[in-house]
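Dumped structure-v4.cif below, it's mmCIF, C-alpha atoms:
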```
data_entry
loop_
_atom_site.group_PDB
_atom_site.id
_atom_site.type_symbol
_atom_site.label_atom_id
_atom_site.label_comp_id
_atom_site.auth_asym_id
_atom_site.auth_seq_id
_atom_site.Cartn_x
_atom_site.Cartn_y
_atom_site.Cartn_z
ATOM 1 C CA MET A 1 31.356 -56.026 -87.113
ATOM 2 C CA ALA A 2 30.350 -53.387 -89.707
ATOM 3 C CA PHE A 3 27.555 -55.671 -90.886
ATOM 4 C CA THR A 4 26.312 -56.038 -87.295
ATOM 5 C CA ARG A 5 26.303 -52.281 -86.738
ATOM 6 C CA ILE A 6 24.357 -51.737 -89.976
ATOM 7 C CA THR A 7 21.897 -54.478 -89.104
ATOM 8 C CA LEU A 8 21.295 -53.021 -85.633
ATOM 9 C CA ALA A 9 20.861 -49.543 -87.068
ATOM 10 C CA LEU A 10 18.309 -50.801 -89.560
ATOM 11 C CA ALA A 11 16.461 -52.706 -86.857
ATOM 12 C CA ALA A 12 16.369 -49.651 -84.606
ATOM 13 C CA GLY A 13 15.052 -47.580 -87.474
ATOM 14 C CA LEU A 14 12.268 -50.058 -88.095
ATOM 15 C CA VAL A 15 11.309 -50.056 -84.415
ATOM 16 C CA LEU A 16 11.172 -46.261 -84.357
ATOM 17 C CA ALA A 17 9.135 -46.191 -87.539
ATOM 18 C CA ALA A 18 6.657 -48.844 -86.410
ATOM 19 C CA PRO A 19 4.161 -46.508 -84.689
ATOM 20 C CA ALA A 20 3.781 -44.469 -87.892
ATOM 21 C CA PHE A 21 2.801 -47.585 -89.826
ATOM 22 C CA ALA A 22 0.457 -48.730 -87.060
ATOM 23 C CA GLN A 23 -1.439 -45.428 -86.839
ATOM 24 C CA THR A 24 -4.951 -45.373 -88.303
ATOM 25 C CA LYS A 25 -6.257 -42.060 -89.623
ATOM 26 C CA LEU A 26 -9.996 -41.405 -89.289
ATOM 27 C CA LYS A 27 -12.443 -38.696 -90.353
ATOM 28 C CA TRP A 28 -15.042 -37.299 -87.918
ATOM 29 C CA ALA A 29 -17.642 -35.067 -89.621
ATOM 30 C CA HIS A 30 -20.583 -32.861 -88.646
ATOM 31 C CA VAL A 31 -22.510 -29.811 -89.882
ATOM 32 C CA TYR A 32 -22.078 -27.497 -86.870
ATOM 33 C CA GLU A 33 -19.955 -24.386 -86.542
ATOM 34 C CA PRO A 34 -16.412 -24.487 -85.070
ATOM 35 C CA GLY A 35 -17.434 -22.410 -82.052
ATOM 36 C CA GLU A 36 -20.325 -24.659 -81.027
ATOM 37 C CA PRO A 37 -20.015 -27.203 -78.181
ATOM 38 C CA PHE A 38 -20.636 -30.069 -80.590
ATOM 39 C CA HIS A 39 -17.407 -29.248 -82.420
ATOM 40 C CA THR A 40 -15.238 -28.402 -79.423
ATOM 41 C CA ALA A 41 -16.342 -31.614 -77.698
ATOM 42 C CA SER A 42 -15.591 -33.608 -80.875
ATOM 43 C CA VAL A 43 -12.081 -32.144 -81.076
ATOM 44 C CA TRP A 44 -11.539 -32.990 -77.407
ATOM 45 C CA ALA A 45 -12.766 -36.552 -78.044
ATOM 46 C CA ALA A 46 -10.481 -37.011 -81.047
ATOM 47 C CA ASP A 47 -7.476 -35.920 -79.002
ATOM 48 C CA GLU A 48 -8.527 -38.042 -76.036
ATOM 49 C CA ILE A 49 -8.914 -41.186 -78.159
ATOM 50 C CA LYS A 50 -5.424 -40.584 -79.541
ATOM 51 C CA LYS A 51 -4.038 -40.296 -75.991
ATOM 52 C CA ARG A 52 -5.846 -43.345 -74.629
ATOM 53 C CA THR A 53 -4.766 -45.527 -77.560
ATOM 54 C CA ASN A 54 -1.143 -44.355 -77.386
ATOM 55 C CA GLY A 55 -1.391 -42.609 -80.718
ATOM 56 C CA ARG A 56 -2.795 -45.555 -82.672
ATOM 57 C CA TYR A 57 -5.675 -43.421 -83.953
ATOM 58 C CA GLN A 58 -5.342 -39.967 -85.502
ATOM 59 C CA ILE A 59 -8.825 -38.457 -85.867
ATOM 60 C CA ASP A 60 -9.361 -35.272 -87.870
ATOM 61 C CA VAL A 61 -12.613 -33.423 -87.182
ATOM 62 C CA TYR A 62 -14.368 -31.643 -90.061
ATOM 63 C CA PRO A 63 -17.012 -29.104 -88.949
ATOM 64 C CA ALA A 64 -19.507 -26.904 -90.822
ATOM 65 C CA SER A 65 -20.464 -29.393 -93.575
ATOM 66 C CA GLN A 66 -16.872 -29.562 -94.897
ATOM 67 C CA LEU A 67 -17.451 -33.212 -95.864
ATOM 68 C CA GLY A 68 -21.064 -32.683 -96.928
ATOM 69 C CA LYS A 69 -24.499 -31.891 -95.581
ATOM 70 C CA GLU A 70 -26.103 -34.083 -92.947
ATOM 71 C CA ASN A 71 -27.612 -36.474 -95.469
ATOM 72 C CA ASP A 72 -24.222 -36.773 -97.193
ATOM 73 C CA ILE A 73 -22.273 -37.641 -94.065
ATOM 74 C CA ASN A 74 -24.880 -40.216 -93.051
ATOM 75 C CA GLN A 75 -24.464 -41.890 -96.426
ATOM 76 C CA GLY A 76 -20.704 -41.500 -96.048
ATOM 77 C CA LEU A 77 -20.705 -43.971 -93.158
ATOM 78 C CA SER A 78 -21.580 -46.731 -95.625
ATOM 79 C CA LEU A 79 -19.533 -45.336 -98.510
ATOM 80 C CA GLY A 80 -16.377 -45.132 -96.384
ATOM 81 C CA THR A 81 -15.891 -41.393 -96.864
ATOM 82 C CA VAL A 82 -16.353 -40.719 -93.127
ATOM 83 C CA ASP A 83 -15.718 -42.840 -90.039
ATOM 84 C CA ILE A 84 -17.552 -41.005 -87.245
ATOM 85 C CA ILE A 85 -20.351 -38.436 -87.424
ATOM 86 C CA ILE A 86 -22.662 -36.455 -85.169
ATOM 87 C CA SER A 87 -26.200 -36.463 -86.515
ATOM 88 C CA GLY A 88 -29.835 -36.361 -85.424
ATOM 89 C CA SER A 89 -32.128 -39.354 -85.002
ATOM 90 C CA SER A 90 -34.304 -37.996 -87.823
ATOM 91 C CA PHE A 91 -31.551 -39.176 -90.183
ATOM 92 C CA ALA A 92 -31.090 -42.465 -88.347
ATOM 93 C CA ALA A 93 -34.844 -42.956 -88.860
ATOM 94 C CA LYS A 94 -34.284 -43.266 -92.610
ATOM 95 C CA ALA A 95 -32.707 -46.651 -91.896
ATOM 96 C CA PHE A 96 -34.859 -47.530 -88.880
ATOM 97 C CA PRO A 97 -38.060 -45.438 -88.649
ATOM 98 C CA ARG A 98 -38.893 -46.363 -85.057
ATOM 99 C CA ILE A 99 -35.939 -44.396 -83.646
ATOM 100 C CA GLY A 100 -37.472 -41.210 -85.066
ATOM 101 C CA VAL A 101 -40.203 -41.291 -82.400
ATOM 102 C CA THR A 102 -37.797 -39.218 -80.284
ATOM 103 C CA TYR A 103 -38.551 -36.301 -82.651
ATOM 104 C CA TYR A 104 -42.317 -36.536 -82.257
ATOM 105 C CA PRO A 105 -43.341 -33.252 -80.548
ATOM 106 C CA TYR A 106 -43.446 -33.253 -76.753
ATOM 107 C CA THR A 107 -41.818 -36.683 -76.427
ATOM 108 C CA PHE A 108 -39.350 -35.377 -73.833
ATOM 109 C CA ARG A 109 -40.329 -33.129 -70.942
ATOM 110 C CA ASN A 110 -36.903 -31.518 -70.593
ATOM 111 C CA VAL A 111 -33.176 -32.178 -70.909
ATOM 112 C CA ASP A 112 -33.120 -34.388 -67.795
ATOM 113 C CA HIS A 113 -35.835 -36.593 -69.279
ATOM 114 C CA LEU A 114 -33.842 -36.879 -72.532
ATOM 115 C CA LEU A 115 -30.666 -37.849 -70.678
ATOM 116 C CA ALA A 116 -32.587 -40.390 -68.583
ATOM 117 C CA TYR A 117 -33.850 -41.893 -71.869
ATOM 118 C CA THR A 118 -30.235 -42.408 -73.016
ATOM 119 C CA ARG A 119 -29.750 -44.719 -70.027
ATOM 120 C CA SER A 120 -32.984 -46.670 -70.552
ATOM 121 C CA ASP A 121 -33.919 -50.037 -72.032
ATOM 122 C CA ILE A 122 -35.987 -48.408 -74.794
ATOM 123 C CA TYR A 123 -32.913 -46.388 -75.852
ATOM 124 C CA LYS A 124 -30.885 -49.608 -76.042
ATOM 125 C CA GLU A 125 -33.661 -51.251 -78.066
ATOM 126 C CA LEU A 126 -34.043 -48.390 -80.548
ATOM 127 C CA THR A 127 -30.312 -47.872 -81.070
ATOM 128 C CA ALA A 128 -29.855 -51.641 -81.506
ATOM 129 C CA GLY A 129 -32.591 -51.591 -84.151
ATOM 130 C CA TYR A 130 -30.792 -48.809 -85.999
ATOM 131 C CA GLU A 131 -27.487 -50.665 -85.738
ATOM 132 C CA GLN A 132 -29.034 -53.846 -87.110
ATOM 133 C CA LYS A 133 -30.592 -52.056 -90.093
ATOM 134 C CA SER A 134 -27.709 -49.706 -90.924
ATOM 135 C CA GLY A 135 -24.674 -51.622 -89.713
ATOM 136 C CA ASN A 136 -23.466 -48.470 -87.923
ATOM 137 C CA GLU A 137 -23.030 -48.046 -84.170
ATOM 138 C CA ILE A 138 -24.532 -45.248 -82.012
ATOM 139 C CA ILE A 139 -22.152 -44.800 -79.085
ATOM 140 C CA ALA A 140 -23.427 -41.593 -77.428
ATOM 141 C CA THR A 141 -26.207 -38.999 -77.512
ATOM 142 C CA THR A 142 -25.841 -35.250 -76.914
ATOM 143 C CA TYR A 143 -28.465 -32.688 -75.955
ATOM 144 C CA TYR A 144 -28.834 -30.250 -78.855
ATOM 145 C CA GLY A 145 -31.337 -27.843 -77.349
ATOM 146 C CA THR A 146 -35.085 -27.398 -76.978
ATOM 147 C CA ARG A 147 -36.776 -26.059 -80.094
ATOM 148 C CA GLN A 148 -38.734 -22.827 -79.617
ATOM 149 C CA THR A 149 -40.715 -20.598 -81.990
ATOM 150 C CA THR A 150 -39.900 -17.076 -83.153
ATOM 151 C CA SER A 151 -42.373 -14.823 -84.943
ATOM 152 C CA ASN A 152 -43.148 -11.275 -85.973
ATOM 153 C CA LYS A 153 -46.576 -11.500 -84.367
ATOM 154 C CA PRO A 154 -47.581 -12.521 -80.830
ATOM 155 C CA ILE A 155 -48.429 -16.197 -80.304
ATOM 156 C CA ALA A 156 -50.388 -17.181 -77.216
ATOM 157 C CA LYS A 157 -52.014 -20.425 -78.337
ATOM 158 C CA CYS A 158 -51.682 -23.109 -81.002
ATOM 159 C CA ALA A 159 -54.392 -21.546 -83.213
ATOM 160 C CA ASP A 160 -52.333 -18.331 -83.478
ATOM 161 C CA LEU A 161 -50.036 -20.188 -85.870
ATOM 162 C CA LYS A 162 -52.862 -20.666 -88.386
ATOM 163 C CA GLY A 163 -51.844 -19.292 -91.772
ATOM 164 C CA LEU A 164 -48.476 -18.065 -90.491
ATOM 165 C CA LYS A 165 -45.677 -18.354 -93.055
ATOM 166 C CA MET A 166 -43.131 -20.378 -91.064
ATOM 167 C CA ARG A 167 -39.748 -21.805 -91.992
ATOM 168 C CA VAL A 168 -39.411 -25.391 -90.771
ATOM 169 C CA PRO A 169 -36.776 -27.996 -91.824
ATOM 170 C CA ASP A 170 -38.152 -30.485 -94.331
ATOM 171 C CA VAL A 171 -38.224 -33.301 -91.789
ATOM 172 C CA PRO A 172 -41.616 -34.897 -91.042
ATOM 173 C CA ALA A 173 -41.406 -34.756 -87.248
ATOM 174 C CA TYR A 174 -40.263 -31.107 -87.267
ATOM 175 C CA LEU A 175 -43.295 -30.241 -89.398
ATOM 176 C CA ALA A 176 -45.751 -31.980 -87.064
ATOM 177 C CA MET A 177 -46.409 -29.209 -84.517
ATOM 178 C CA PRO A 178 -46.516 -26.225 -86.906
ATOM 179 C CA ARG A 179 -48.818 -28.032 -89.357
ATOM 180 C CA ALA A 180 -51.048 -29.402 -86.600
ATOM 181 C CA CYS A 181 -51.541 -25.805 -85.468
ATOM 182 C CA GLY A 182 -52.240 -24.625 -89.027
ATOM 183 C CA ALA A 183 -48.976 -22.906 -90.013
ATOM 184 C CA ASN A 184 -48.061 -22.538 -93.683
ATOM 185 C CA THR A 185 -44.620 -24.186 -93.593
ATOM 186 C CA SER A 186 -41.712 -23.536 -95.948
ATOM 187 C CA PRO A 187 -38.443 -25.575 -96.111
ATOM 188 C CA ILE A 188 -36.047 -22.683 -96.756
ATOM 189 C CA ALA A 189 -32.360 -23.653 -96.615
ATOM 190 C CA PHE A 190 -30.872 -22.966 -93.194
ATOM 191 C CA ALA A 191 -28.247 -20.573 -94.540
ATOM 192 C CA GLU A 192 -31.014 -18.428 -96.072
ATOM 193 C CA VAL A 193 -33.338 -18.206 -93.055
ATOM 194 C CA TYR A 194 -32.047 -14.875 -91.706
ATOM 195 C CA LEU A 195 -32.596 -13.131 -95.048
ATOM 196 C CA ALA A 196 -36.005 -14.787 -95.502
ATOM 197 C CA LEU A 197 -37.115 -13.487 -92.095
ATOM 198 C CA GLN A 198 -35.653 -10.072 -92.824
ATOM 199 C CA ASN A 199 -37.419 -9.614 -96.158
ATOM 200 C CA GLY A 200 -40.706 -11.209 -95.067
ATOM 201 C CA THR A 201 -40.542 -14.329 -97.231
ATOM 202 C CA VAL A 202 -41.444 -16.086 -93.983
ATOM 203 C CA GLU A 203 -42.780 -14.591 -90.755
ATOM 204 C CA ALA A 204 -41.623 -17.217 -88.280
ATOM 205 C CA GLN A 205 -39.203 -20.084 -87.671
ATOM 206 C CA GLU A 206 -38.305 -22.593 -84.940
ATOM 207 C CA ASN A 207 -34.960 -23.539 -83.417
ATOM 208 C CA PRO A 208 -33.271 -23.852 -80.003
ATOM 209 C CA LEU A 209 -32.426 -20.605 -78.214
ATOM 210 C CA THR A 210 -28.724 -21.258 -78.743
ATOM 211 C CA THR A 211 -29.288 -21.391 -82.523
ATOM 212 C CA ILE A 212 -31.482 -18.279 -82.403
ATOM 213 C CA GLU A 213 -28.525 -16.562 -80.728
ATOM 214 C CA ALA A 214 -25.815 -17.983 -82.993
ATOM 215 C CA LYS A 215 -27.693 -17.152 -86.203
ATOM 216 C CA LYS A 216 -28.925 -13.783 -84.849
ATOM 217 C CA PHE A 217 -32.555 -14.503 -85.725
ATOM 218 C CA TYR A 218 -33.549 -12.280 -82.805
ATOM 219 C CA GLU A 219 -32.440 -9.307 -84.915
ATOM 220 C CA VAL A 220 -35.230 -9.941 -87.432
ATOM 221 C CA GLN A 221 -37.971 -11.344 -85.153
ATOM 222 C CA LYS A 222 -40.019 -9.495 -82.553
ATOM 223 C CA HIS A 223 -41.214 -12.443 -80.478
ATOM 224 C CA ILE A 224 -39.676 -15.594 -79.039
ATOM 225 C CA VAL A 225 -42.365 -18.031 -77.915
ATOM 226 C CA LEU A 226 -41.326 -20.857 -75.605
ATOM 227 C CA THR A 227 -43.269 -23.651 -77.293
ATOM 228 C CA GLY A 228 -40.596 -26.212 -76.301
ATOM 229 C CA HIS A 229 -42.025 -28.610 -78.860
ATOM 230 C CA ILE A 230 -38.954 -30.810 -79.420
ATOM 231 C CA VAL A 231 -36.147 -31.549 -76.958
ATOM 232 C CA ASP A 232 -33.584 -32.150 -79.671
ATOM 233 C CA HIS A 233 -30.505 -34.364 -79.636
ATOM 234 C CA LEU A 234 -27.589 -35.624 -81.722
ATOM 235 C CA ASN A 235 -26.078 -39.095 -81.907
ATOM 236 C CA THR A 236 -22.397 -39.934 -82.191
ATOM 237 C CA VAL A 237 -22.305 -42.669 -84.827
ATOM 238 C CA VAL A 238 -19.368 -44.904 -85.811
ATOM 239 C CA ALA A 239 -19.295 -46.469 -89.275
ATOM 240 C CA GLY A 240 -19.969 -50.191 -89.206
ATOM 241 C CA GLY A 241 -16.812 -50.948 -91.182
ATOM 242 C CA LEU A 242 -14.657 -49.238 -88.570
ATOM 243 C CA TRP A 243 -16.568 -50.638 -85.590
ATOM 244 C CA LYS A 244 -16.065 -54.219 -86.764
ATOM 245 C CA LYS A 245 -12.300 -53.678 -86.989
ATOM 246 C CA LEU A 246 -11.947 -52.278 -83.464
ATOM 247 C CA SER A 247 -10.818 -54.579 -80.666
ATOM 248 C CA ASP A 248 -13.079 -54.845 -77.631
ATOM 249 C CA GLY A 249 -10.619 -52.640 -75.760
ATOM 250 C CA ASP A 250 -10.700 -49.946 -78.424
ATOM 251 C CA LYS A 251 -14.495 -50.127 -78.642
ATOM 252 C CA LYS A 252 -14.606 -49.360 -74.927
ATOM 253 C CA ILE A 253 -12.205 -46.428 -75.315
ATOM 254 C CA PHE A 254 -14.197 -44.943 -78.225
ATOM 255 C CA THR A 255 -17.471 -45.363 -76.314
ATOM 256 C CA ASP A 256 -16.174 -44.017 -73.000
ATOM 257 C CA VAL A 257 -14.692 -40.938 -74.673
ATOM 258 C CA ALA A 258 -17.815 -40.288 -76.777
ATOM 259 C CA LEU A 259 -20.002 -40.475 -73.666
ATOM 260 C CA GLU A 260 -17.735 -38.024 -71.823
ATOM 261 C CA ALA A 261 -17.737 -35.650 -74.804
ATOM 262 C CA ALA A 262 -21.530 -35.844 -75.069
ATOM 263 C CA ALA A 263 -21.873 -35.041 -71.364
ATOM 264 C CA LYS A 264 -19.569 -32.011 -71.753
ATOM 265 C CA ALA A 265 -21.459 -30.602 -74.743
ATOM 266 C CA SER A 266 -24.871 -31.303 -73.195
ATOM 267 C CA LYS A 267 -23.909 -29.421 -70.050
ATOM 268 C CA GLU A 268 -22.631 -26.418 -72.017
ATOM 269 C CA VAL A 269 -25.756 -26.201 -74.170
ATOM 270 C CA ALA A 270 -28.126 -26.475 -71.205
ATOM 271 C CA ALA A 271 -26.179 -23.851 -69.238
ATOM 272 C CA ARG A 272 -26.258 -21.344 -72.095
ATOM 273 C CA GLU A 273 -29.945 -21.986 -72.767
ATOM 274 C CA SER A 274 -30.798 -21.119 -69.181
ATOM 275 C CA GLU A 275 -29.263 -17.665 -69.640
ATOM 276 C CA LEU A 276 -30.709 -16.726 -73.012
ATOM 277 C CA ALA A 277 -34.277 -15.672 -72.204
ATOM 278 C CA ALA A 278 -32.858 -12.826 -70.106
ATOM 279 C CA VAL A 279 -30.302 -12.006 -72.816
ATOM 280 C CA PHE A 280 -32.994 -11.701 -75.484
ATOM 281 C CA ARG A 281 -35.240 -9.599 -73.250
ATOM 282 C CA SER A 282 -32.319 -7.241 -72.639
ATOM 283 C CA LYS A 283 -32.139 -6.763 -76.411
ATOM 284 C CA GLY A 284 -35.792 -5.712 -76.530
ATOM 285 C CA VAL A 285 -37.191 -9.005 -77.825
ATOM 286 C CA SER A 286 -40.460 -10.281 -76.321
ATOM 287 C CA VAL A 287 -39.970 -13.721 -74.723
ATOM 288 C CA THR A 288 -43.217 -15.386 -73.632
ATOM 289 C CA GLU A 289 -44.353 -18.710 -72.237
ATOM 290 C CA VAL A 290 -47.396 -20.583 -73.536
ATOM 291 C CA ASN A 291 -49.567 -23.456 -72.371
ATOM 292 C CA THR A 292 -47.554 -26.249 -73.979
ATOM 293 C CA ALA A 293 -50.198 -28.819 -72.941
ATOM 294 C CA GLU A 294 -52.584 -27.273 -75.449
ATOM 295 C CA PHE A 295 -49.989 -27.546 -78.245
ATOM 296 C CA ARG A 296 -49.209 -31.124 -77.207
ATOM 297 C CA GLU A 297 -52.879 -32.184 -77.224
ATOM 298 C CA THR A 298 -53.390 -30.660 -80.677
ATOM 299 C CA VAL A 299 -50.443 -32.628 -82.055
ATOM 300 C CA LEU A 300 -51.563 -35.910 -80.453
ATOM 301 C CA LYS A 301 -55.052 -35.405 -81.877
ATOM 302 C CA ASN A 302 -53.954 -34.552 -85.425
ATOM 303 C CA VAL A 303 -50.664 -36.373 -86.053
ATOM 304 C CA PRO A 304 -50.804 -40.206 -85.998
ATOM 305 C CA PHE A 305 -47.550 -41.902 -85.006
ATOM 306 C CA GLU A 306 -47.990 -44.517 -87.712
ATOM 307 C CA GLN A 307 -47.786 -42.014 -90.573
ATOM 308 C CA TYR A 308 -44.070 -41.608 -89.821
ATOM 309 C CA GLY A 309 -43.374 -45.287 -89.141
ATOM 310 C CA TYR A 310 -43.261 -44.655 -85.377
ATOM 311 C CA GLN A 311 -44.868 -46.843 -82.719
ATOM 312 C CA LYS A 312 -46.949 -45.239 -80.004
ATOM 313 C CA SER A 313 -45.874 -48.035 -77.646
ATOM 314 C CA ASP A 314 -42.285 -46.745 -77.942
ATOM 315 C CA TRP A 315 -43.489 -43.206 -77.183
ATOM 316 C CA ASP A 316 -45.442 -44.482 -74.157
ATOM 317 C CA ARG A 317 -42.354 -46.238 -72.812
ATOM 318 C CA ILE A 318 -40.357 -43.019 -73.129
ATOM 319 C CA GLN A 319 -43.130 -41.084 -71.388
ATOM 320 C CA ALA A 320 -42.911 -43.523 -68.465
ATOM 321 C CA ILE A 321 -39.201 -42.807 -67.865
ATOM 322 C CA LYS A 322 -38.690 -40.813 -64.664
#
```
Have the structure of the file written as structure tokens, please.
Amino acid sequence: MAFTRITLALAAGLVLAAPAFAQTKLKWAHVYEPGEPFHTASVWAADEIKKRTNGRYQIDVYPASQLGKENDINQGLSLGTVDIIISGSSFAAKAFPRIGVTYYPYTFRNVDHLLAYTRSDIYKELTAGYEQKSGNEIIATTYYGTRQTTSNKPIAKCADLKGLKMRVPDVPAYLAMPRACGANTSPIAFAEVYLALQNGTVEAQENPLTTIEAKKFYEVQKHIVLTGHIVDHLNTVVAGGLWKKLSDGDKKIFTDVALEAAAKASKEVAARESELAAVFRSKGVSVTEVNTAEFRETVLKNVPFEQYGYQKSDWDRIQAIK
């Protein structure tokens, strides 16, 4: 009888302990700040995946480059140091150049056009190409914001950028518009941009309005010019090693949750963007519109798609999306 009681107790203990052994711990990394929608949506997604899988996955989210800069976390997908990341297509293009066409200036008309692209055949084709080359899986895309220009001098047309000392990320597609218009670009580290603008090391920079607000660039720039040259986005990417291990049911849960999280963050970013021109004007900053068609034509004339490994046929298919 004593033996039976002990055996039952041990068996019960094993049953109770089973979920702990079955739980898989994962790392989700990105470079954005804890207060930004990209992080809050990631935390929501991690919690939601845990709920929908009955606790089988515990996902810890690491913001603000805690697990490395964007290049590091992209490499980490293959190295096994991260399991899920949020990252731009400019980094995905290192494995599959064609997907980078989405960063060519004036590819997307607005956020609605970008989101329509994420439901299109060309999106499926480009993400499949990336997945084939990298082994990793893109499961969702989030609107990051539309990149605008700030400057300490008025800009009314493309030629006004000629000779302007302008901070631009050292990514080929980001450099396309400023260089086509004649700017003297400088790849200053993002964390140093405010000081560089303040002390005159550079006279201008480009980023979405939400970033201009978050980093307080409006404090050290007199003009915000709505060039709208790149409708930017981020991909939610799952490491190939993890994706292969997931059951079809879990793949659906991860994808469904990532799509919902992307929709939440996209909506928040777009809503805040729509308010910011008025906010900046209230702070005494000049906010002006320009003829973006002139900027677009200058880029198309001076920046061949092929030099980046892009295909104009892909760009044309995106343009045709309604």
- Write out as a PyMOL selection string each polymer residue whose atoms come within 10 Å of Glu36 in chain A, counting all atoms listed in the file; drop sequence neighbours fewer than 2 positions from it. chain A and resi 32-34+38-41+63+210-211+214+265+268-269
- Item | Residues within 12 Å of (-34.0, -44.6, -89.1), counting only C-alpha atoms, listed as a ChimeraX atom specification | /A:74,87-103,126-136,138,308-310
- Kindly give the distance, in Å, that separates CA of Lys322 in chain A and CA of Tyr106 in chain A, rounded to a single decimal. 15.0 Å
- Message: Expand the PyMOL selection byres ((chain A and resi 184-201) around 10) into the explicit residue set it covers here, and present it as a PyMOL selection string.
- Response: chain A and resi 151-152+161-171+175+178-179+181-183+202-205+212+215-221
- Query: Could you work out how far CA of Ile59 in chain A lies from CA of Asp250 in chain A, giving the answer in Å with one decimal?
  - Reply: 13.8 Å
- Item | Å distance separating CA of Lys222 in chain A from CA of Lys153 in chain A, one decimal place |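 Separation of CA of Lys222 in chain A and CA of Lys153 in chain A: 7.1 Å.
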Enclose range 132-135 of chain A, meaning all of its atoms listed in the file, in a box aligned along x, y and z, pad it by 8 Å on each side, and list the centre and edge lengths in Å to one decimal, as AutoDock Vina command-line options.
```
--center_x -27.6 --center_y -51.8 --center_z -89.0 --size_x 21.9 --size_y 20.1 --size_z 19.8
```
- Task: Check which residues satisfy the PyMOL selection byres ((chain A and resi 241) around 10) in the file shown, then give them as a PyMOL selection string.
- Result: chain A and resi 77-80+83+135-137+238-240+242-246
- Message: If the PyMOL selection byres ((chain A and resi 155) around 10) were run on this exact file, what residues would it hold? Put them as a PyMOL selection string.
- Response: chain A and resi 149-154+156-161+223-227+288-290
- Query: Which of these, A:Ala258, A:Ala277, A:Ile49, A:Leu115, has the shortest distance to Gln148 in chain A once you count all atoms listed in the file?
  - Reply: A:Ala277
- Task: Mind checking which residues fall within 8 Å of Tyr57 in chain A, counting all atoms listed in the file, ignoring those fewer than 2 positions away in the same chain, and posting them as a VMD selection string?
- Result: chain A and resid 23 to 26 49 to 50 53 55 59
Long-range neighbours of range 316-320 of chain A as a PDB file with C-alpha atoms, in the frame of the given file, 8 Å cut-off, all atoms listed in the file, 6 positions minimum in chain:
```pdb
ATOM      1  CA  THR A 107     -41.818 -36.683 -76.427  1.00  0.00           C
ATOM      2  CA  PHE A 108     -39.350 -35.377 -73.833  1.00  0.00           C
ATOM      3  CA  TYR A 117     -33.850 -41.893 -71.869  1.00  0.00           C
ATOM      4  CA  ILE A 122     -35.987 -48.408 -74.794  1.00  0.00           C
TER       5      ILE A 122
END
```
Quick one: range 304-316 of chain A with N, CA and C atoms, as a tab-separated table (two decimals), keeping the file's coordinate frame?
```tsv
chain	number	residue	atom	x	y	z
A	304	PRO	N	-50.96	-38.79	-86.37
A	304	PRO	CA	-50.80	-40.21	-86.00
A	304	PRO	C	-49.33	-40.63	-86.03
A	305	PHE	N	-48.93	-41.41	-85.06
A	305	PHE	CA	-47.55	-41.90	-85.01
A	305	PHE	C	-47.22	-42.75	-86.24
A	306	GLU	N	-48.22	-43.54	-86.66
A	306	GLU	CA	-47.99	-44.52	-87.71
A	306	GLU	C	-47.63	-43.87	-89.05
A	307	GLN	N	-48.06	-42.63	-89.27
A	307	GLN	CA	-47.79	-42.01	-90.57
A	307	GLN	C	-46.29	-41.78	-90.80
A	308	TYR	N	-45.52	-41.78	-89.71
A	308	TYR	CA	-44.07	-41.61	-89.82
A	308	TYR	C	-43.31	-42.92	-89.65
A	309	GLY	N	-44.04	-44.01	-89.40
A	309	GLY	CA	-43.37	-45.29	-89.14
A	309	GLY	C	-42.98	-45.44	-87.68
A	310	TYR	N	-43.53	-44.57	-86.81
A	310	TYR	CA	-43.26	-44.66	-85.38
A	310	TYR	C	-44.25	-45.62	-84.72
A	311	GLN	N	-43.95	-46.01	-83.49
A	311	GLN	CA	-44.87	-46.84	-82.72
A	311	GLN	C	-45.24	-46.11	-81.44
A	312	LYS	N	-46.52	-45.96	-81.21
A	312	LYS	CA	-46.95	-45.24	-80.00
A	312	LYS	C	-46.49	-45.97	-78.74
A	313	SER	N	-46.34	-47.28	-78.82
A	313	SER	CA	-45.87	-48.04	-77.65
A	313	SER	C	-44.47	-47.60	-77.25
A	314	ASP	N	-43.62	-47.26	-78.24
A	314	ASP	CA	-42.28	-46.74	-77.94
A	314	ASP	C	-42.39	-45.38	-77.24
A	315	TRP	N	-43.27	-44.53	-77.76
A	315	TRP	CA	-43.49	-43.21	-77.18
A	315	TRP	C	-43.98	-43.32	-75.74
A	316	ASP	N	-44.90	-44.26	-75.52
A	316	ASP	CA	-45.44	-44.48	-74.16
A	316	ASP	C	-44.34	-44.93	-73.20
```
